[in-house]
Amino acid sequence: MSKSTLNILKIGGKVVEDEAILDRVLNDFTQLGGYKILVHGGGKRASALSEKLGIPAQMIDGRRVTDAHTLEIVTMVYAGLYNKRVVARLQAKDCNAIGLSGADGNLILAHKRRGWKHDYGFAGDIDAVNTQSLIQLLEAGFTPVLCAITHDKKGQLLNTNADTIAAQTAQALASKHEVALHLCLDLPGVMRDPNDLTSIIASITKREYDNYKKQGIISGGMIPKLDNAFTALSKGVKQVRICGPASIRQGGTLLQ
């Protein structure tokens with residue numbers, strides 16, 4: 001029996017913030033075939049709100065430190081404002097979206113990050129994705145919209161990287177579906193030169209990726225994104241693409 005298609009799209013906070021870009025991305029998302037799941041972040045808005053409230057955002061090596069006050073803010077932005085904004089926009093496009101955090105339906109179980117050099121506060125690393133509940137939602141005709149908030153099933157909410165949520169959700173569902181994972185960035189794909197939009201790398205293998213890292217062509221925040229992406233590919237995800245807001249359905253960088 002052949003597997004059904006499942007498209008998982010991850011978008012960042014910059015996409016959610018820009019009305020025109022969000023509308024274009026969601027139009028393309030709704031036109032993807034098969035079942036669909038959308039995962040979103042919202043770090044930029046959370047940082048801006050933190051500053052307004054006199055709670056400076058703390059970052060270590062590009063990763064957010066989530067203290068108790070910051071956890072309240074990211075929960076408000078991710079699980080509240082941004083999640084419901086995306087859900088409402090999808091409903092306007094006749095896509096029956098349902099907005100969820102990892103705590104809802106025990107969808108994503110995580111633990112407080114430990115064993116790292118630095119203390120990242122209430123940052124969560126994923127233990128399990130509740131595939132049964134997600135499959136039930138998909139088969140009931142819903143399009144889950146997942147924010148970057150998880151929980152530890154002991155009453156504690158946790159802040160979890162949205163790229164990681166998208167990649168691990170894709171891996172968890174790969175045994176049941178033909179999963180295509182689309183990671184949407186500000187740029188149109190993986191670039192040899194971020195300042196040259198014509199320098200997009202159309203496809204990239206793991207060996208090529210390792211060489212690009214050694215040469216410094218791929219660096220910084222792109223590394224954890226691609227690490228997540230290649231792990232997903234190795235764990236049974238059928239297709240992984242790094243794309244931009246204008247290349248949701250085609251183009252971008254295909255991982256091989």
# chains A, B, ... in the order shown; residues from 1 in each chain; ligands from 1

call {"tool": "closest_atom_pairs", "arguments": {"of": "stretch 169-199 of chain A", "to": "stretch 128-133 of chain A", "cutoff": "12 Å", "atoms": "only C-alpha atoms", "output": "tab-separated table"}}
result
residue	atom	partner	partner_atom	distance
A:Thr169	CA	A:Val129	CA	6.3
A:Ala170	CA	A:Val129	CA	9.6
A:Gln171	CA	A:Val129	CA	9.3
A:Ala172	CA	A:Thr131	CA	6.5
A:Leu173	CA	A:Thr131	CA	6.3
A:Ala174	CA	A:Thr131	CA	9.9
A:Ser175	CA	A:Thr131	CA	10.0
A:Lys176	CA	A:Thr131	CA	9.1
A:His177	CA	A:Thr131	CA	11.0

call {"tool": "write_last_selection", "arguments": {"atoms": "C-alpha atoms", "output": "CSV table (one decimal), in the first residue's frame"}}
result
chain,number,residue,atom,x,y,z
A,169,THR,CA,8.1,16.0,13.2
A,170,ALA,CA,9.0,15.1,9.6
A,171,GLN,CA,11.2,12.2,10.9
A,172,ALA,CA,8.5,10.9,13.2
A,173,LEU,CA,5.9,10.8,10.4
A,174,ALA,CA,8.2,9.4,7.7
A,175,SER,CA,7.2,5.8,8.4
A,176,LYS,CA,3.5,6.6,7.7
A,177,HIS,CA,3.8,9.2,4.9

call {"tool": "residues_around", "arguments": {"residues": "A:Lys214", "least_positions_apart": "6", "cutoff": "12 Å", "atoms": "only C-alpha atoms", "output": "list in words"}}
result
Arg207, Glu208 and Ile223 of chain A

call {"tool": "closest_atom_pairs", "arguments": {"of": "stretch 126-216 of chain A", "to": "stretch 86-90 of chain A", "cutoff": "10 Å", "atoms": "only C-alpha atoms", "output": "JSON lines"}}
result
{"residue": "A:Thr143", "atom": "CA", "partner": "A:Leu90", "partner_atom": "CA", "distance": 9.1}
{"residue": "A:Pro144", "atom": "CA", "partner": "A:Val87", "partner_atom": "CA", "distance": 8.9}
{"residue": "A:Val145", "atom": "CA", "partner": "A:Val87", "partner_atom": "CA", "distance": 6.9}
{"residue": "A:Leu146", "atom": "CA", "partner": "A:Val87", "partner_atom": "CA", "distance": 9.9}

call {"tool": "select_by_dssp", "arguments": {"residues": "stretch 14-234 of chain A", "states": "helix (DSSP H, G or I)", "output": "ChimeraX atom specification"}}
result
/A:14-17,19-30,43-52,68-92,104-106,131-139,162-173,206-215,222-234

call {"tool": "select_by_dssp", "arguments": {"residues": "stretch 59-217 of chain A", "states": "strand (DSSP E or B)", "output": "tab-separated table (two decimals) with C-alpha atoms, in the first residue's frame"}}
result
chain	number	residue	atom	x	y	z
A	59	MET	CA	21.64	35.11	23.04
A	60	ILE	CA	24.57	32.68	23.25
A	63	ARG	CA	20.63	30.53	20.60
A	64	ARG	CA	18.07	32.27	22.80
A	65	VAL	CA	18.44	32.05	26.58
A	66	THR	CA	14.92	31.50	27.91
A	97	ALA	CA	-6.05	24.97	10.18
A	98	ILE	CA	-5.78	24.21	13.89
A	99	GLY	CA	-3.18	26.02	15.99
A	100	LEU	CA	-1.29	23.98	18.55
A	108	ILE	CA	5.63	17.27	21.48
A	109	LEU	CA	7.31	16.09	24.66
A	110	ALA	CA	10.62	17.71	25.55
A	111	HIS	CA	13.06	18.13	28.42
A	112	LYS	CA	14.88	21.17	29.73
A	121	GLY	CA	17.15	28.37	30.81
A	123	ALA	CA	15.01	25.83	26.34
A	124	GLY	CA	13.61	22.43	25.44
A	125	ASP	CA	15.10	19.53	23.49
A	126	ILE	CA	12.62	17.09	21.99
A	127	ASP	CA	12.07	13.60	23.39
A	128	ALA	CA	9.04	12.46	21.38
A	129	VAL	CA	6.49	13.55	18.78
A	143	THR	CA	-3.96	21.25	8.95
A	144	PRO	CA	-1.93	21.50	12.18
A	145	VAL	CA	-0.07	24.78	12.73
A	146	LEU	CA	2.65	24.12	15.30
A	149	ILE	CA	6.48	25.84	22.43
A	150	THR	CA	6.75	22.31	23.86
A	151	HIS	CA	6.33	20.83	27.35
A	157	LEU	CA	6.40	24.80	29.09
A	158	LEU	CA	9.64	24.95	27.10
A	159	ASN	CA	10.96	27.02	24.21
A	177	HIS	CA	3.79	9.18	4.92
A	178	GLU	CA	5.95	10.28	2.01
A	179	VAL	CA	7.21	13.40	3.76
A	180	ALA	CA	8.57	16.48	2.01
A	181	LEU	CA	10.15	19.00	4.38
A	182	HIS	CA	10.40	22.64	3.25
A	183	LEU	CA	12.51	24.97	5.42
A	184	CYS	CA	11.75	28.56	4.41
A	191	MET	CA	23.87	30.55	-1.13
A	200	ILE	CA	22.09	29.79	-5.06
A	203	SER	CA	21.33	20.87	-4.89
A	204	ILE	CA	23.74	19.73	-2.23

call {"tool": "atom_distance", "arguments": {"atom1": "atom CA of A:Ser50", "atom2": "atom CA of A:Leu71"}}
result
10.3 Å

call {"tool": "closest_residue", "arguments": {"among": "A:Leu49, A:Leu185, A:Met222, A:Ala20", "to": "A:Thr75", "atoms": "only C-alpha atoms"}}
result
A:Leu49

call {"tool": "atom_distance", "arguments": {"atom1": "atom CA of A:Trp116", "atom2": "atom CA of A:Gly220"}}
result
18.5 Å

call {"tool": "atom_distance", "arguments": {"atom1": "atom CA of A:Ala140", "atom2": "atom CA of A:Lys36"}}
result
12.2 Å

call {"tool": "residues_around", "arguments": {"residues": "A:Lys14", "least_positions_apart": "5", "cutoff": "9 Å", "atoms": "only C-alpha atoms", "output": "list in words"}}
result
Ile21, Leu22, Gly41, Gly42, Gly43, Lys44, Arg45 and Asp186 of chain A

call {"tool": "closest_residue", "arguments": {"among": "A:Leu233, A:Asp152, A:Ala162, A:Met76", "to": "A:Leu38", "atoms": "only C-alpha atoms"}}
result
A:Ala162

call {"tool": "closest_residue", "arguments": {"among": "A:Ala103, A:Ala79, A:Ala167, A:Val39", "to": "A:Ile11", "atoms": "only C-alpha atoms"}}
result
A:Val39

call {"tool": "closest_residue", "arguments": {"among": "A:Ile135, A:Ala92, A:Ala57, A:Leu107", "to": "A:Ser4", "atoms": "only C-alpha atoms"}}
result
A:Ile135

call {"tool": "residues_around", "arguments": {"residues": "A:Gln31", "least_positions_apart": "4", "cutoff": "10 Å", "atoms": "only C-alpha atoms", "output": "tab-separated table (two decimals) with N, CA and C atoms, in the first residue's frame"}}
result
chain	number	residue	atom	x	y	z
A	26	LEU	N	1.42	31.55	2.32
A	26	LEU	CA	0.28	30.71	2.67
A	26	LEU	C	-0.52	30.30	1.43
A	27	ASN	N	-0.58	31.16	0.42
A	27	ASN	CA	-1.21	30.77	-0.84
A	27	ASN	C	-0.49	29.55	-1.43
A	36	LYS	N	-0.89	18.41	5.05
A	36	LYS	CA	0.02	19.52	5.29
A	36	LYS	C	0.13	19.82	6.79
A	95	CYS	N	-8.49	26.65	4.22
A	95	CYS	CA	-7.63	25.59	4.74
A	95	CYS	C	-7.98	25.44	6.22
A	248	ILE	N	8.40	28.31	-2.43
A	248	ILE	CA	7.80	27.27	-1.60
A	248	ILE	C	7.51	26.01	-2.43
A	249	ARG	N	6.98	26.21	-3.63
A	249	ARG	CA	6.55	25.06	-4.43
A	249	ARG	C	7.63	24.54	-5.37

call {"tool": "residues_around", "arguments": {"residues": "A:Ala229", "least_positions_apart": "3", "cutoff": "9 Å", "atoms": "only C-alpha atoms", "output": "list in words"}}
result
Asp163, Thr164, Ala167, Leu181, Leu183, Pro224, Lys225, Leu226, Ala232, Leu233, Ser234, Val240, Arg241, Ile242 and Leu255 of chain A

call {"tool": "closest_residue", "arguments": {"among": "A:Asp227, A:Asp196, A:Asp119, A:Glu72", "to": "A:Gln156", "atoms": "only C-alpha atoms"}}
result
A:Glu72
